[in-house]
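Colleague: So here's final.txt (compact mmCIF, C-alpha atoms).
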```
# COMPACT_ATOMS: atom_id res chain seq x y z
CA MET P 1 3.75 -15.96 8.61
CA ALA P 2 7.13 -14.23 8.98
CA SER P 3 8.22 -11.72 6.36
CA PRO P 4 11.28 -12.01 4.10
CA LEU P 5 14.62 -11.65 5.79
CA ARG P 6 15.46 -8.08 6.84
CA PHE P 7 18.05 -6.41 9.03
CA ARG P 8 17.26 -4.78 12.33
CA ARG P 9 19.33 -1.66 13.04
CA SER P 10 20.13 -0.69 16.62
CA LEU P 11 21.56 2.72 17.54
CA GLU P 12 22.38 1.69 21.11
CA ARG P 13 25.85 0.81 22.37
CA TRP P 14 26.87 -2.83 22.11
CA THR P 15 29.75 -4.71 23.69
CA ASP P 16 30.74 -8.37 23.81
CA ASP P 17 29.24 -8.64 27.27
CA ARG P 18 25.94 -7.19 26.12
CA VAL P 19 25.84 -9.48 23.08
CA GLU P 20 26.21 -12.43 25.43
CA ARG P 21 23.63 -11.17 27.94
CA ASP P 22 20.94 -9.73 25.62
CA LEU P 23 21.28 -11.88 22.51
CA ARG P 24 22.94 -15.26 22.92
CA GLU P 25 21.71 -16.15 26.43
CA PRO P 26 17.98 -15.58 25.71
CA LEU P 27 18.27 -17.63 22.54
CA ASP P 28 20.25 -20.32 24.33
CA ARG P 29 17.55 -20.69 26.99
CA LYS P 30 14.89 -21.22 24.35
CA PHE P 31 16.65 -23.05 21.50
CA GLY P 32 20.22 -23.76 22.51
CA ALA P 33 22.55 -21.17 20.93
CA THR P 34 26.26 -21.07 20.19
CA ARG P 35 28.30 -18.01 19.25
CA ARG P 36 30.63 -18.75 16.35
CA THR P 37 33.20 -16.96 14.23
CA PRO P 38 31.80 -15.94 10.83
CA HIS P 39 32.88 -17.77 7.69
CA TYR P 40 34.04 -14.47 6.19
CA ALA P 41 35.75 -11.42 7.63
CA GLY P 42 33.23 -8.94 8.93
CA PRO P 43 32.72 -5.48 7.44
CA ASN P 44 35.63 -3.13 8.07
CA GLY P 45 35.29 -1.37 11.43
CA TYR P 46 32.63 -3.74 12.76
CA GLU P 47 32.86 -6.71 15.07
CA ALA P 48 30.92 -9.53 13.48
CA LEU P 49 29.61 -12.87 14.75
CA ARG P 50 27.23 -15.72 14.08
CA ILE P 51 24.76 -17.22 16.54
CA GLU P 52 23.69 -20.73 15.54
CA MET P 53 20.70 -22.40 17.17
CA ASP P 54 20.31 -26.12 17.81
CA ASN P 55 17.09 -26.12 15.73
CA GLY P 56 18.89 -24.82 12.64
CA ASP P 57 18.02 -21.14 13.07
CA LEU P 58 20.74 -18.57 12.41
CA ALA P 59 21.47 -14.98 13.36
CA LEU P 60 24.22 -12.65 12.13
CA PHE P 61 25.27 -9.60 14.15
CA ALA P 62 27.71 -6.79 13.37
CA PHE P 63 28.36 -3.77 15.59
CA ASP P 64 30.70 -0.82 16.04
CA ASP P 65 30.70 2.09 18.46
CA GLU P 66 27.66 3.76 16.88
CA GLU P 67 25.30 1.15 15.47
CA ALA P 68 24.57 -2.54 15.16
CA PHE P 69 22.87 -4.73 12.57
CA TRP P 70 21.02 -7.98 13.30
CA LEU P 71 19.89 -10.42 10.62
CA GLY P 72 18.17 -13.60 11.74
CA ASN P 73 15.59 -16.23 10.86
CA THR P 74 15.02 -16.97 14.53
CA GLU P 75 13.09 -15.32 17.34
CA THR P 76 14.19 -11.72 17.78
CA PRO P 77 15.58 -11.06 21.30
CA SER P 78 13.61 -8.46 23.23
CA ALA P 79 16.56 -6.05 23.24
CA LEU P 80 15.95 -5.55 19.51
CA TRP P 81 12.15 -5.44 19.43
CA ARG P 82 11.90 -1.67 18.92
CA THR P 83 14.50 -1.45 16.17
CA ASP P 84 13.65 -0.57 12.57
CA LYS P 85 13.79 -3.13 9.77
CA HIS P 86 15.85 -2.60 6.62
CA THR P 87 16.41 -4.51 3.39
CA PHE P 88 19.84 -5.53 2.14
CA GLU P 89 19.80 -2.43 -0.06
CA GLU P 90 19.03 -0.09 2.85
CA VAL P 91 21.99 -0.91 5.10
CA PRO P 92 25.64 0.02 4.50
CA TYR P 93 27.00 -1.93 1.56
CA PRO P 94 29.87 -3.58 3.51
CA VAL P 95 27.36 -4.93 6.05
CA ALA P 96 25.01 -6.24 3.35
CA ARG P 97 27.88 -7.76 1.38
CA TRP P 98 29.26 -9.58 4.43
CA ALA P 99 25.84 -10.93 5.46
CA GLN P 100 25.04 -12.13 1.96
CA ARG P 101 28.39 -13.89 1.67
CA GLU P 102 27.65 -15.67 4.94
CA LEU P 103 24.23 -16.83 3.78
CA LEU P 104 25.36 -17.84 0.32
CA GLY P 105 28.18 -19.81 1.94
CA ASP P 106 25.60 -21.63 4.05
CA LEU P 107 23.47 -22.29 0.98
CA GLN P 108 26.48 -23.82 -0.75
CA VAL P 109 26.62 -26.39 2.04
CA GLU P 110 22.88 -26.88 2.58
CA ALA P 111 21.66 -26.78 -1.03
CA PRO P 112 24.62 -26.87 -3.44
CA TRP P 113 22.28 -27.74 -6.32
CA LEU P 114 20.67 -24.30 -5.87
CA ALA P 115 23.75 -22.29 -4.90
CA GLU P 116 25.38 -22.99 -8.26
CA TYR P 117 22.87 -20.57 -9.82
CA ASP P 118 24.56 -17.45 -8.51
CA HIS P 119 22.14 -14.69 -9.38
CA LEU P 120 18.99 -16.67 -8.69
CA SER P 121 20.33 -17.62 -5.24
CA TRP P 122 21.26 -14.02 -4.48
CA PHE P 123 17.94 -12.65 -5.76
CA PHE P 124 15.78 -14.99 -3.67
CA LEU P 125 18.02 -14.87 -0.60
CA PRO P 126 15.43 -12.93 1.48
CA VAL P 127 12.99 -15.85 1.17
CA LEU P 128 15.48 -18.74 0.92
CA PHE P 129 16.62 -17.84 4.46
CA SER P 130 13.36 -16.45 5.85
CA LYS P 131 12.10 -17.74 9.18
CA ASP P 132 9.06 -19.59 7.85
CA GLY P 133 9.87 -20.03 4.17
CA ARG P 134 13.42 -21.29 4.03
CA HIS P 135 12.44 -24.94 3.71
CA SER P 136 9.36 -24.53 1.50
CA THR P 137 11.00 -22.25 -1.07
CA ARG P 138 13.94 -24.59 -1.51
CA GLU P 139 11.59 -27.57 -1.81
CA PHE P 140 9.56 -25.74 -4.44
CA PHE P 141 12.61 -25.29 -6.63
CA ARG P 142 13.97 -28.77 -5.89
CA GLU P 143 10.86 -30.95 -6.13
CA HIS P 144 8.49 -28.93 -8.32
CA ALA P 145 10.89 -27.40 -10.88
CA ALA P 146 9.30 -23.99 -10.19
CA GLY P 147 6.03 -25.19 -11.75
CA PHE P 148 7.28 -26.55 -15.09
CA PRO P 149 6.22 -30.08 -16.13
CA ASP P 150 7.96 -32.20 -18.75
CA THR P 151 11.42 -30.89 -17.94
CA THR P 152 14.20 -30.98 -15.34
CA ARG P 153 14.91 -28.83 -12.33
CA GLU P 154 18.29 -27.89 -13.78
CA ALA P 155 16.75 -26.65 -17.04
CA VAL P 156 14.25 -24.44 -15.19
CA LEU P 157 16.81 -22.99 -12.80
CA SER P 158 19.09 -22.21 -15.75
CA PHE P 159 16.15 -20.51 -17.49
CA TYR P 160 15.51 -18.15 -14.58
CA GLU P 161 19.23 -17.72 -13.84
CA GLU P 162 19.83 -16.46 -17.36
CA PHE P 163 17.04 -13.91 -17.03
CA LEU P 164 17.77 -12.72 -13.50
CA SER P 165 21.47 -12.32 -14.25
CA THR P 166 20.55 -9.48 -16.64
CA GLY P 167 19.85 -7.41 -13.50
CA VAL P 168 16.59 -6.08 -14.91
CA LEU P 169 14.72 -6.77 -11.65
CA ASP P 170 17.55 -6.10 -9.19
CA ASP P 171 16.07 -2.76 -8.10
CA TYR P 172 12.82 -4.57 -7.27
CA ARG P 173 14.40 -7.52 -5.51
CA TYR P 174 12.31 -7.52 -2.33
CA THR P 175 9.07 -6.75 -4.17
CA MET P 176 9.54 -9.61 -6.61
CA ALA P 177 11.29 -12.19 -4.41
CA SER P 178 8.61 -11.76 -1.75
CA LYS P 179 5.97 -12.93 -4.22
CA LEU P 180 7.31 -16.46 -3.78
CA GLY P 181 6.12 -16.21 -0.17
CA THR P 182 7.45 -17.26 3.22
CA SER P 183 4.88 -19.87 4.17
CA PRO P 184 6.24 -22.98 5.94
CA GLN P 185 4.08 -25.12 3.64
CA VAL P 186 4.78 -25.66 -0.04
CA ASP P 187 1.90 -24.35 -2.13
CA PRO P 188 2.90 -25.31 -5.69
CA VAL P 189 -0.06 -23.52 -7.30
CA ARG P 190 0.48 -20.18 -5.59
CA MET P 191 4.27 -20.32 -5.89
CA ALA P 192 4.15 -21.27 -9.57
CA SER P 193 1.81 -18.34 -10.15
CA ALA P 194 4.43 -16.06 -8.63
CA MET P 195 7.03 -17.44 -11.02
CA SER P 196 4.71 -16.64 -13.93
CA GLU P 197 5.41 -12.98 -13.27
CA PHE P 198 9.11 -13.66 -13.77
CA SER P 199 8.31 -15.44 -17.04
CA VAL P 200 6.32 -12.44 -18.27
CA ALA P 201 9.11 -10.12 -17.13
CA LYS P 202 11.54 -12.14 -19.24
CA LEU P 203 9.21 -12.06 -22.25
CA LEU P 204 8.84 -8.28 -22.04
CA THR P 205 12.56 -7.78 -21.50
CA ASP P 206 13.34 -9.94 -24.53
CA ALA P 207 10.97 -7.70 -26.48
CA ASP P 208 13.06 -4.66 -25.38
CA TYR P 209 10.60 -3.21 -22.90
CA GLY P 210 11.59 -1.70 -19.59
CA LEU P 211 9.70 -2.87 -16.51
CA THR P 212 8.22 -1.40 -13.38
CA PRO P 213 6.42 -3.90 -11.10
CA GLU P 214 3.36 -3.36 -8.92
CA ILE P 215 1.63 -0.40 -10.52
CA GLU P 216 -1.10 1.12 -8.34
CA VAL P 217 -4.22 2.13 -10.23
CA THR P 218 -7.12 4.36 -9.28
CA THR P 219 -9.29 1.48 -8.09
CA GLY P 220 -6.87 0.81 -5.24
CA HIS P 221 -5.57 -2.35 -6.90
CA SER P 222 -2.09 -2.98 -8.21
CA LEU P 223 -1.38 -4.43 -11.64
CA ASP P 224 1.70 -6.55 -12.12
CA PHE P 225 3.82 -4.42 -14.49
CA ARG P 226 4.14 -1.32 -16.56
CA ALA P 227 5.95 -2.06 -19.82
CA GLU P 228 7.96 0.98 -20.85
CA THR P 229 9.53 2.15 -24.10
CA PRO P 230 11.90 5.06 -24.75
CA ASP P 231 9.16 6.95 -26.64
CA GLY P 232 6.96 7.03 -23.55
CA GLU P 233 4.46 4.28 -24.27
CA SER P 234 3.60 2.41 -21.08
CA PRO P 235 0.94 -0.33 -21.36
CA LEU P 236 -0.10 -1.95 -18.10
CA VAL P 237 0.21 -5.72 -17.77
CA GLU P 238 -1.58 -8.24 -15.58
CA VAL P 239 -0.53 -11.89 -15.33
CA THR P 240 -2.59 -15.00 -14.62
CA ARG P 241 -1.74 -18.68 -14.69
CA PRO P 242 -4.32 -21.40 -15.39
CA ARG P 243 -4.13 -24.65 -13.49
CA PRO P 244 -4.02 -27.44 -16.05
CA PRO P 245 -6.97 -29.86 -16.12
CA THR P 246 -4.95 -32.59 -14.42
CA ARG P 247 -4.94 -30.41 -11.29
CA ARG P 248 -8.34 -28.67 -11.37
CA ARG P 249 -12.02 -29.38 -11.97
CA ALA P 250 -11.95 -28.11 -15.55
CA SER P 251 -12.34 -31.08 -17.87
CA THR P 252 -10.17 -29.86 -20.75
CA PRO P 253 -7.13 -27.61 -21.23
CA VAL P 254 -9.27 -25.12 -23.16
CA ALA P 255 -11.78 -24.95 -20.30
CA ALA P 256 -8.92 -24.44 -17.83
CA VAL P 257 -7.68 -21.41 -19.76
CA ARG P 258 -11.14 -19.92 -20.08
CA GLU P 259 -12.07 -20.40 -16.41
CA THR P 260 -8.89 -18.93 -15.01
CA ALA P 261 -8.95 -15.93 -17.30
CA GLU P 262 -12.64 -15.36 -16.51
CA THR P 263 -11.84 -15.21 -12.80
CA LYS P 264 -9.22 -12.54 -13.42
CA THR P 265 -11.27 -10.49 -15.87
CA SER P 266 -14.43 -10.51 -13.76
CA GLY P 267 -12.48 -9.28 -10.75
CA GLN P 268 -9.36 -7.15 -10.78
CA LEU P 269 -9.33 -6.19 -14.46
CA GLN P 270 -13.06 -5.41 -14.51
CA LYS P 271 -12.62 -3.04 -11.57
CA HIS P 272 -9.69 -1.41 -13.33
CA GLY P 273 -11.98 -0.58 -16.23
CA GLY P 274 -10.02 -2.07 -19.10
CA GLY P 275 -6.90 -1.10 -20.98
CA ALA P 276 -4.45 -3.53 -19.40
CA VAL P 277 -2.94 -6.39 -21.37
CA LEU P 278 -3.71 -9.78 -19.83
CA PHE P 279 -0.93 -12.36 -20.10
CA VAL P 280 -2.13 -15.94 -19.61
CA ASP P 281 0.84 -18.16 -18.74
CA CYS P 282 0.36 -21.82 -19.70
CA SER P 283 3.83 -22.96 -18.63
CA GLY P 284 2.20 -25.43 -16.21
CA PHE P 285 0.59 -27.33 -19.11
CA ARG P 286 2.12 -30.53 -20.42
CA ASP P 287 2.96 -30.73 -24.11
CA ASP P 288 -0.33 -32.44 -25.01
CA GLU P 289 -2.38 -29.99 -22.94
CA TRP P 290 -0.76 -26.98 -24.57
CA ALA P 291 -1.23 -28.56 -28.02
CA ALA P 292 -4.99 -28.57 -27.41
CA VAL P 293 -4.98 -24.90 -26.40
CA ARG P 294 -2.69 -23.93 -29.26
CA GLY P 295 -4.97 -25.73 -31.73
CA GLU P 296 -8.22 -24.12 -30.60
CA GLN P 297 -6.83 -20.75 -29.40
CA PRO P 298 -9.78 -20.00 -27.11
CA GLY P 299 -10.72 -16.46 -26.19
CA VAL P 300 -10.24 -15.43 -22.56
CA ARG P 301 -13.06 -12.85 -22.18
CA HIS P 302 -10.59 -10.01 -22.08
CA ARG P 303 -8.95 -8.05 -24.83
CA PRO P 304 -6.14 -7.39 -25.40
CA ALA P 305 -4.67 -10.68 -24.20
CA VAL P 306 -1.63 -12.84 -24.87
CA VAL P 307 -1.86 -16.57 -24.16
CA PHE P 308 1.63 -18.05 -24.08
CA ARG P 309 3.74 -21.00 -22.98
CA PRO P 310 7.45 -20.57 -22.24
CA ARG P 311 9.86 -23.46 -22.15
CA PRO P 312 13.19 -23.61 -20.29
CA SER P 313 14.94 -23.70 -23.68
CA GLY P 314 13.88 -20.07 -24.07
CA ARG P 315 11.28 -20.81 -26.75
CA ILE P 316 7.95 -19.08 -26.15
CA GLU P 317 4.85 -19.94 -28.19
CA ALA P 318 1.91 -17.55 -28.04
CA TYR P 319 -1.29 -16.33 -29.62
CA SER P 320 -3.11 -13.05 -29.03
CA LYS P 321 -6.67 -11.78 -28.81
CA GLY P 322 -7.54 -8.19 -29.58
CA SER P 323 -5.16 -5.37 -30.44
CA VAL P 324 -2.14 -5.85 -28.18
CA PRO P 325 -0.26 -2.54 -27.73
CA LEU P 326 3.08 -4.35 -27.46
CA ASP P 327 5.49 -5.46 -30.15
CA LEU P 328 6.41 -8.98 -29.06
CA ASP P 329 7.57 -10.34 -32.43
CA GLY P 330 11.17 -10.63 -31.29
CA ALA P 331 10.29 -12.49 -28.11
CA VAL P 332 7.60 -15.04 -29.01
CA GLU P 333 6.76 -17.49 -31.78
CA TRP P 334 3.19 -16.76 -32.84
CA VAL P 335 1.09 -19.88 -33.43
```
Could you write out this structure as structure tokens?
Modeller:
Amino acid sequence: MASPLRFRRSLERWTDDRVERDLREPLDRKFGATRRTPHYAGPNGYEALRIEMDNGDLALFAFDDEEAFWLGNTETPSALWRTDKHTFEEVPYPVARWAQRELLGDLQVEAPWLAEYDHLSWFFLPVLFSKDGRHSTREFFREHAAGFPDTTREAVLSFYEEFLSTGVLDDYRYTMASKLGTSPQVDPVRMASAMSEFSVAKLLTDADYGLTPEIEVTTGHSLDFRAETPDGESPLVEVTRPRPPTRRRASTPVAAVRETAETKTSGQLQKHGGGAVLFVDCSGFRDDEWAAVRGEQPGVRHRPAVVFRPRPSGRIEAYSKGSVPLDLDGAVEWV
């Protein structure tokens, strides 16, 4: 499986002739490749170009007298094999800005229904244009509404757009966007579980907590977040997402919640030794399934825990077990 989209930086000298010989021609022999003028003016001081493959792959290349930057979701030509990889944030801003404008322009043509959500499109750009995941990630948003039943794709995309546009997770863009994965196959269960972390991030942000993702603990594991307050409190948070009974062996919604939480608490959280808050995201449950859970409010074999269900309207219903070291009153409706 290929990784999310990253630049390759070359410190060798590049000319038009070398671009043709070492980049376009090898790709042309394998896929059919055409050099084209970019949609947007290249970064100041760089010569910029697009290489479009007959199979739909794309590469962007910008070079000056000292360095060159390659960004592609196609096979990397051998002339660039030994180059280092860099995120959008690790290359010069004019280069990153040009490349992102190119890709977002392509997305506007290829998936205008997604491109209209500006910040969401920008945030997930490394996976939306990744070599293996560019089709599956778009299909997940288009056909599966990011894991929400009983609603529309537009409502869900607006929900995440509103949160991501706050910029709270911008500094962790690659860490968080990569959770969606770059598999060529759509895996709705795994991908929806990744989106649960964004739902928890929104809940904590709405409750006025700062966030740091992927906190390494002494057991060698990583927990999903540290929730931070100005006075120095920093509870650790782990997220899990039950599969509703319509899509698992569990016979009832209550059993689905208990089984999923038990898997998490008997593994990662048990090894951690306690202390983390477990968030159980039931956003995949239909209205009737959540009503059953809300009515019985089953325990999840871990305390403290928050069992919650967000809706694209922004409403979040929840109940808790144990003494939760977080003040969530402003972010959830307790049931």
Colleague: Using only C-alpha atoms, determine which residues lie at most 12 Å from Arg97 in chain P, disregarding the query and same-chain residues fewer than 5 positions distant; provide the list as a ChimeraX atom specification.
Modeller: /P:40-44,88-92,102-104,122
Colleague: Report, in Å to a single decimal, how far apart CA of Pro126 in chain P and CA of Ser178 in chain P are.
Modeller: 7.6 Å
Colleague: Step by step: start from the point (19.6, -17.5, 1.0) in the file's coordinates, keep every protein, DNA or RNA residue that has an atom no farther than 9 Å from it, count only C-alpha atoms, and write the set as a JSON list (two decimals) with C-alpha atoms, in the coordinates of the input.
Modeller:
```json
[["chain", "number", "residue", "atom", "x", "y", "z"],
["P", 100, "GLN", "CA", 25.04, -12.13, 1.96],
["P", 103, "LEU", "CA", 24.23, -16.83, 3.78],
["P", 104, "LEU", "CA", 25.36, -17.84, 0.32],
["P", 105, "GLY", "CA", 28.18, -19.81, 1.94],
["P", 106, "ASP", "CA", 25.60, -21.63, 4.05],
["P", 107, "LEU", "CA", 23.47, -22.29, 0.98],
["P", 115, "ALA", "CA", 23.75, -22.29, -4.90],
["P", 121, "SER", "CA", 20.33, -17.62, -5.24],
["P", 122, "TRP", "CA", 21.26, -14.02, -4.48],
["P", 123, "PHE", "CA", 17.94, -12.65, -5.76],
["P", 124, "PHE", "CA", 15.78, -14.99, -3.67],
["P", 125, "LEU", "CA", 18.02, -14.87, -0.60],
["P", 126, "PRO", "CA", 15.43, -12.93, 1.48],
["P", 127, "VAL", "CA", 12.99, -15.85, 1.17],
["P", 128, "LEU", "CA", 15.48, -18.74, 0.92],
["P", 129, "PHE", "CA", 16.62, -17.84, 4.46],
["P", 130, "SER", "CA", 13.36, -16.45, 5.85],
["P", 134, "ARG", "CA", 13.42, -21.29, 4.03]]
```
Colleague: Kindly give the distance, in Å, that separates CA of Gln185 in chain P and CA of Pro244 in chain P, rounded to a single decimal.
Modeller: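 Distance reported for this atom pair: 21.4 Å.
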Colleague: Choose the residue, out of P:Ala192, P:Ala305, P:Val19, P:Val168, that has the smallest atom-to-atom separation from Ala146 in chain P; count all atoms listed in the file.
Modeller: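 Of P:Ala192, P:Ala305, P:Val19, P:Val168, the one nearest Ala146 in chain P is P:Ala192, counting all atoms listed in the file.
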Colleague: Given the choices P:Gly330, P:Gly322, P:Pro77, P:Pro230, which gets closest to Ala207 in chain P if the distance is worked out from all atoms listed in the file?
Modeller: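 Closest to Ala207 in chain P, using all atoms listed in the file: P:Gly330.
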Colleague: Can you work out the spacing between CA of Gly56 in chain P and CA of Gly72 in chain P in Å, to one decimal?
Modeller: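 So the answer is 11.3 Å.
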Colleague: Just checking: using only C-alpha atoms, which residue out of P:Leu169, P:Leu326, P:Val332, P:Ala256 ends up closest to Val300 in chain P?
Modeller: P:Ala256
Colleague: Do a neighbour search on range 148-152 of chain P at 8 Å with all atoms listed in the file, toss out local chain neighbours closer than 6 positions, and write the hits as a tab-separated table (two decimals) with C-alpha atoms, in the coordinates of the input.
Modeller:
```tsv
chain	number	residue	atom	x	y	z
P	283	SER	CA	3.83	-22.96	-18.63
P	284	GLY	CA	2.20	-25.43	-16.21
P	285	PHE	CA	0.59	-27.33	-19.11
P	286	ARG	CA	2.12	-30.53	-20.42
P	287	ASP	CA	2.96	-30.73	-24.11
P	312	PRO	CA	13.19	-23.61	-20.29
```
Colleague: List the spatial neighbours of Lys202 in chain P as a count of residues only - criterion: any atom at most 10 Å away, all atoms listed in the file, same-chain residues fewer than 6 positions off excluded.
Modeller: 15
Colleague: Between P:Phe61, P:Asn55, P:Glu296, P:Phe198, single out the one closest to Glu20 in chain P, counting all atoms listed in the file.
Modeller: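 The shortest atom-to-atom distance to Glu20 in chain P comes from P:Phe61.
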Colleague: Around (9.7, -7.4, -5.7) in the file's frame, which residues reach within 12 Å when counting all atoms listed in the file? Return as a compact mmCIF listing (two decimals) with C-alpha atoms, in the frame of the given file?
Modeller:
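The file below, point.txt, is the result:
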```txt
# COMPACT_ATOMS: atom_id res chain seq x y z
CA PRO P 4 11.28 -12.01 4.10
CA THR P 87 16.41 -4.51 3.39
CA PHE P 123 17.94 -12.65 -5.76
CA PHE P 124 15.78 -14.99 -3.67
CA PRO P 126 15.43 -12.93 1.48
CA VAL P 127 12.99 -15.85 1.17
CA VAL P 168 16.59 -6.08 -14.91
CA LEU P 169 14.72 -6.77 -11.65
CA ASP P 170 17.55 -6.10 -9.19
CA ASP P 171 16.07 -2.76 -8.10
CA TYR P 172 12.82 -4.57 -7.27
CA ARG P 173 14.40 -7.52 -5.51
CA TYR P 174 12.31 -7.52 -2.33
CA THR P 175 9.07 -6.75 -4.17
CA MET P 176 9.54 -9.61 -6.61
CA ALA P 177 11.29 -12.19 -4.41
CA SER P 178 8.61 -11.76 -1.75
CA LYS P 179 5.97 -12.93 -4.22
CA LEU P 180 7.31 -16.46 -3.78
CA GLY P 181 6.12 -16.21 -0.17
CA ALA P 194 4.43 -16.06 -8.63
CA MET P 195 7.03 -17.44 -11.02
CA GLU P 197 5.41 -12.98 -13.27
CA PHE P 198 9.11 -13.66 -13.77
CA ALA P 201 9.11 -10.12 -17.13
CA LEU P 211 9.70 -2.87 -16.51
CA THR P 212 8.22 -1.40 -13.38
CA PRO P 213 6.42 -3.90 -11.10
CA GLU P 214 3.36 -3.36 -8.92
CA ILE P 215 1.63 -0.40 -10.52
CA ASP P 224 1.70 -6.55 -12.12
CA PHE P 225 3.82 -4.42 -14.49
```
Colleague: Range 158-168 of chain P, all listed atoms, 3 Å padding on each side: what axis-aligned box centre and edge lengths in Å to one decimal come out, as AutoDock Vina command-line options?
Modeller:
```
--center_x 18.5 --center_y -14.1 --center_z -15.5 --size_x 12.0 --size_y 22.1 --size_z 10.0
```
Colleague: Name the closest residue to Arg142 in chain P among the candidates P:Glu161, P:Ala111, P:Leu5, P:Arg258; distances are taken between atoms, counting only C-alpha atoms.
Modeller: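 Smallest distance to Arg142 in chain P is found for P:Ala111.
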